[in-house]
Amino acid sequence: MKCVVTGGAGFIGSNLVDCLLARGDQVIAYDNLVSGFREFLTDASKHSAFEFVEGDVGDVDLLARTFRGVDMVFHFAANADVRFGTNHPEKDLKQNTIATFNVLEAMRRNAVKRIAFSSTSSVYGEARIIPTPEDAPFPIQTSLYAASKLAGEGLITAYCEGFGFQSWIFRFVSILGARYTHGHVFDFVNKLRANPQELHILGNGLQTKSYMDVSDCVGAILTAVERGKDKVNIFNLGTGDACTVNQSVGWICERLGLAPKLTYSGGERGWIGDIPVIQLDASRVRKLGWQPKYGIRDSVVRTVDWLTANTWALEARK
């Protein structure tokens, strides 16, 4: 299979690129390198079946040229900044919703009919059903990021109906692991490097979150694409478990050998759009034969280890 991974130099995208190459696919990584890193494609670049295209998902003509002769698109390019979405609302619209439209149009121009899309567990908002299944009723959206992803889902499913596309939509919990470059573990490790004596936490520390190792995430994606045969295939991706923020902080500090004073602000929600409880029912993808290899604690610890071994990534984000 010849495929394109938008956001291919990013955290999840680059891990997916490596796995696609390992199974014998021909892969084009498409990335503007604003938040992705060439370093993440070092191994891929040694592969004869790999190509890198530096470009933005706002460039429809370049997308269309890149998609010529392609069998499938993994659309993983996005602005993933949930916390500061209200500071720049146009960013989620342009980089998530309109970008997804651009990808779909470039596919249509080239008769590419198969797309996998990275959505988010945040589309469920403050869900009333925990663990939350794929067919849970959608509540009011609480973040611009989630709203933009849900709009992207809508566009994709409409193209499936209107133009005969087939799609795999993945609603992720927070993903951790090698090449992780944003999120709460990243922020906490950075803060503790600057001040090992104190750690400030947004929220009351009782927020309940779900995490998943990137290797398990990519494995679930490939299993679903291989075995999900519907016109529209929607999958929650997560281990099914959850932990409090305080628990994850404890694991991080234990791994780093630190015992900082903890301070809190923000109450039940650390910021606008923060969801107090996220825990997904991932039984649908498990029924296809997929099983996670790592639990939440393992995923947190593996991420701390990667960050401490790759401090350049912490510095680069500054």
# chains A, B, ... in the order shown; residues from 1 in each chain; ligands from 1

call {"tool": "residues_around", "arguments": {"residues": "stretch 130-135 of chain A", "least_positions_apart": "2", "cutoff": "9 Å", "atoms": "only C-alpha atoms", "output": "PyMOL selection string"}}
result
chain A and resi 124+127-128+137-138+171+234-236+240-241+277-284

call {"tool": "write_last_selection", "arguments": {"atoms": "N, CA and C atoms", "output": "PDB file, in the first residue's frame"}}
result
ATOM      1  N   TYR A 124     -16.533  13.975  23.396  1.00  0.00           N
ATOM      2  CA  TYR A 124     -17.609  13.537  24.287  1.00  0.00           C
ATOM      3  C   TYR A 124     -17.922  14.571  25.373  1.00  0.00           C
ATOM      4  N   ALA A 127     -19.000  13.750  29.576  1.00  0.00           N
ATOM      5  CA  ALA A 127     -19.896  12.635  29.273  1.00  0.00           C
ATOM      6  C   ALA A 127     -20.651  12.159  30.516  1.00  0.00           C
ATOM      7  N   ARG A 128     -21.884  11.741  30.292  1.00  0.00           N
ATOM      8  CA  ARG A 128     -22.696  11.204  31.383  1.00  0.00           C
ATOM      9  C   ARG A 128     -22.502   9.697  31.548  1.00  0.00           C
ATOM     10  N   PRO A 137     -24.406   9.674  23.577  1.00  0.00           N
ATOM     11  CA  PRO A 137     -24.936  10.947  23.070  1.00  0.00           C
ATOM     12  C   PRO A 137     -23.919  12.067  23.261  1.00  0.00           C
ATOM     13  N   PHE A 138     -23.780  12.926  22.258  1.00  0.00           N
ATOM     14  CA  PHE A 138     -22.825  14.026  22.351  1.00  0.00           C
ATOM     15  C   PHE A 138     -23.403  15.176  23.173  1.00  0.00           C
ATOM     16  N   ARG A 171     -10.954   8.153  18.126  1.00  0.00           N
ATOM     17  CA  ARG A 171     -11.110   9.081  19.247  1.00  0.00           C
ATOM     18  C   ARG A 171     -10.149   8.644  20.348  1.00  0.00           C
ATOM     19  N   ILE A 234     -15.773   3.971  13.412  1.00  0.00           N
ATOM     20  CA  ILE A 234     -15.419   4.871  14.512  1.00  0.00           C
ATOM     21  C   ILE A 234     -14.967   4.039  15.699  1.00  0.00           C
ATOM     22  N   PHE A 235     -13.775   4.364  16.209  1.00  0.00           N
ATOM     23  CA  PHE A 235     -13.201   3.593  17.312  1.00  0.00           C
ATOM     24  C   PHE A 235     -12.680   4.512  18.412  1.00  0.00           C
ATOM     25  N   ASN A 236     -13.063   4.194  19.657  1.00  0.00           N
ATOM     26  CA  ASN A 236     -12.365   4.761  20.803  1.00  0.00           C
ATOM     27  C   ASN A 236     -11.028   4.033  20.943  1.00  0.00           C
ATOM     28  N   GLY A 240      -8.923   1.564  28.574  1.00  0.00           N
ATOM     29  CA  GLY A 240     -10.117   1.310  29.365  1.00  0.00           C
ATOM     30  C   GLY A 240      -9.974   1.743  30.801  1.00  0.00           C
ATOM     31  N   ASP A 241      -8.749   2.030  31.232  1.00  0.00           N
ATOM     32  CA  ASP A 241      -8.483   2.431  32.612  1.00  0.00           C
ATOM     33  C   ASP A 241      -8.289   3.942  32.709  1.00  0.00           C
ATOM     34  N   VAL A 277     -13.486  14.237  33.942  1.00  0.00           N
ATOM     35  CA  VAL A 277     -13.394  12.780  33.865  1.00  0.00           C
ATOM     36  C   VAL A 277     -13.368  12.341  32.400  1.00  0.00           C
ATOM     37  N   ILE A 278     -12.303  11.646  31.998  1.00  0.00           N
ATOM     38  CA  ILE A 278     -12.221  11.042  30.666  1.00  0.00           C
ATOM     39  C   ILE A 278     -11.841   9.578  30.837  1.00  0.00           C
ATOM     40  N   GLN A 279     -12.742   8.712  30.435  1.00  0.00           N
ATOM     41  CA  GLN A 279     -12.471   7.275  30.462  1.00  0.00           C
ATOM     42  C   GLN A 279     -13.326   6.631  29.371  1.00  0.00           C
ATOM     43  N   LEU A 280     -12.689   6.003  28.412  1.00  0.00           N
ATOM     44  CA  LEU A 280     -13.391   5.473  27.252  1.00  0.00           C
ATOM     45  C   LEU A 280     -13.626   3.969  27.337  1.00  0.00           C
ATOM     46  N   ASP A 281     -14.730   3.541  26.760  1.00  0.00           N
ATOM     47  CA  ASP A 281     -14.989   2.127  26.518  1.00  0.00           C
ATOM     48  C   ASP A 281     -14.362   1.786  25.167  1.00  0.00           C
ATOM     49  N   ALA A 282     -13.299   0.997  25.184  1.00  0.00           N
ATOM     50  CA  ALA A 282     -12.585   0.640  23.951  1.00  0.00           C
ATOM     51  C   ALA A 282     -12.852  -0.805  23.545  1.00  0.00           C
ATOM     52  N   SER A 283     -14.003  -1.336  23.932  1.00  0.00           N
ATOM     53  CA  SER A 283     -14.303  -2.737  23.639  1.00  0.00           C
ATOM     54  C   SER A 283     -14.475  -2.997  22.148  1.00  0.00           C
ATOM     55  N   ARG A 284     -14.888  -1.971  21.386  1.00  0.00           N
ATOM     56  CA  ARG A 284     -15.104  -2.171  19.950  1.00  0.00           C
ATOM     57  C   ARG A 284     -13.813  -2.573  19.246  1.00  0.00           C
TER      58      ARG A 284
END

call {"tool": "residues_around", "arguments": {"residues": "stretch 209-218 of chain A", "least_positions_apart": "2", "cutoff": "6 Å", "atoms": "only C-alpha atoms", "output": "ChimeraX atom specification"}}
result
/A:16,173-177,220-221,238,242-243,277-279,292,296,299

call {"tool": "write_last_selection", "arguments": {"atoms": "N, CA and C atoms", "output": "JSON list (two decimals), in the first residue's frame"}}
result
[["chain", "number", "residue", "atom", "x", "y", "z"],
["A", 16, "LEU", "N", 3.69, 6.12, 13.61],
["A", 16, "LEU", "CA", 2.90, 5.41, 12.61],
["A", 16, "LEU", "C", 3.71, 5.19, 11.34],
["A", 173, "VAL", "N", -7.71, 8.77, 23.74],
["A", 173, "VAL", "CA", -7.38, 9.36, 25.04],
["A", 173, "VAL", "C", -6.04, 10.07, 24.85],
["A", 174, "SER", "N", -5.47, 10.61, 25.92],
["A", 174, "SER", "CA", -4.15, 11.25, 25.81],
["A", 174, "SER", "C", -3.10, 10.17, 25.54],
["A", 175, "ILE", "N", -2.26, 10.41, 24.53],
["A", 175, "ILE", "CA", -1.26, 9.44, 24.12],
["A", 175, "ILE", "C", 0.09, 9.82, 24.71],
["A", 176, "LEU", "N", 0.81, 8.84, 25.20],
["A", 176, "LEU", "CA", 2.13, 9.03, 25.81],
["A", 176, "LEU", "C", 3.15, 8.14, 25.13],
["A", 177, "GLY", "N", 4.43, 8.33, 25.47],
["A", 177, "GLY", "CA", 5.46, 7.43, 24.97],
["A", 177, "GLY", "C", 6.58, 8.14, 24.23],
["A", 220, "ALA", "N", -3.37, -0.34, 17.54],
["A", 220, "ALA", "CA", -4.83, -0.33, 17.44],
["A", 220, "ALA", "C", -5.29, 0.27, 16.12],
["A", 221, "ILE", "N", -4.62, 1.33, 15.68],
["A", 221, "ILE", "CA", -4.98, 1.96, 14.40],
["A", 221, "ILE", "C", -4.82, 0.97, 13.25],
["A", 238, "GLY", "N", -8.08, 3.53, 23.75],
["A", 238, "GLY", "CA", -7.62, 3.69, 25.12],
["A", 238, "GLY", "C", -7.49, 2.33, 25.75],
["A", 242, "ALA", "N", -8.20, 4.43, 33.94],
["A", 242, "ALA", "CA", -7.97, 5.86, 34.18],
["A", 242, "ALA", "C", -7.24, 6.04, 35.49],
["A", 243, "CYS", "N", -6.70, 7.24, 35.69],
["A", 243, "CYS", "CA", -6.04, 7.59, 36.95],
["A", 243, "CYS", "C", -6.30, 9.05, 37.23],
["A", 277, "VAL", "N", -13.49, 14.24, 33.94],
["A", 277, "VAL", "CA", -13.39, 12.78, 33.86],
["A", 277, "VAL", "C", -13.37, 12.34, 32.40],
["A", 278, "ILE", "N", -12.30, 11.65, 32.00],
["A", 278, "ILE", "CA", -12.22, 11.04, 30.67],
["A", 278, "ILE", "C", -11.84, 9.58, 30.84],
["A", 279, "GLN", "N", -12.74, 8.71, 30.44],
["A", 279, "GLN", "CA", -12.47, 7.28, 30.46],
["A", 279, "GLN", "C", -13.33, 6.63, 29.37],
["A", 292, "PRO", "N", -3.93, -3.91, 24.46],
["A", 292, "PRO", "CA", -2.79, -3.05, 24.83],
["A", 292, "PRO", "C", -1.71, -3.84, 25.54],
["A", 296, "ILE", "N", -1.55, 2.19, 32.25],
["A", 296, "ILE", "CA", -1.37, 3.64, 32.35],
["A", 296, "ILE", "C", -0.09, 3.99, 33.10],
["A", 299, "SER", "N", 2.86, 3.48, 30.94],
["A", 299, "SER", "CA", 2.93, 4.50, 29.89],
["A", 299, "SER", "C", 3.52, 5.80, 30.42]]

call {"tool": "select_by_dssp", "arguments": {"residues": "stretch 67-215 of chain A", "states": "strand (DSSP E)", "output": "list in words"}}
result
Met72, Val73, Phe74, His75, Arg114, Ile115, Ala116, Phe117, Ser118, Gln166, Ser167, Trp168, Ile169, Phe170, Arg171, Phe172, Ser174, Ile175, Leu176, Glu198, Leu199, His200, Ile201, Leu202, Thr208, Lys209, Tyr211, Met212 and Asp213 of chain A

call {"tool": "residues_around", "arguments": {"residues": "A:Glu226", "least_positions_apart": "6", "cutoff": "12 Å", "atoms": "only C-alpha atoms", "output": "PyMOL selection string"}}
result
chain A and resi 1+114+116+167-168+219-220+233+285+288-290

call {"tool": "atom_distance", "arguments": {"atom1": "atom CA of A:His200", "atom2": "atom CA of A:His184"}}
result
11.5 Å
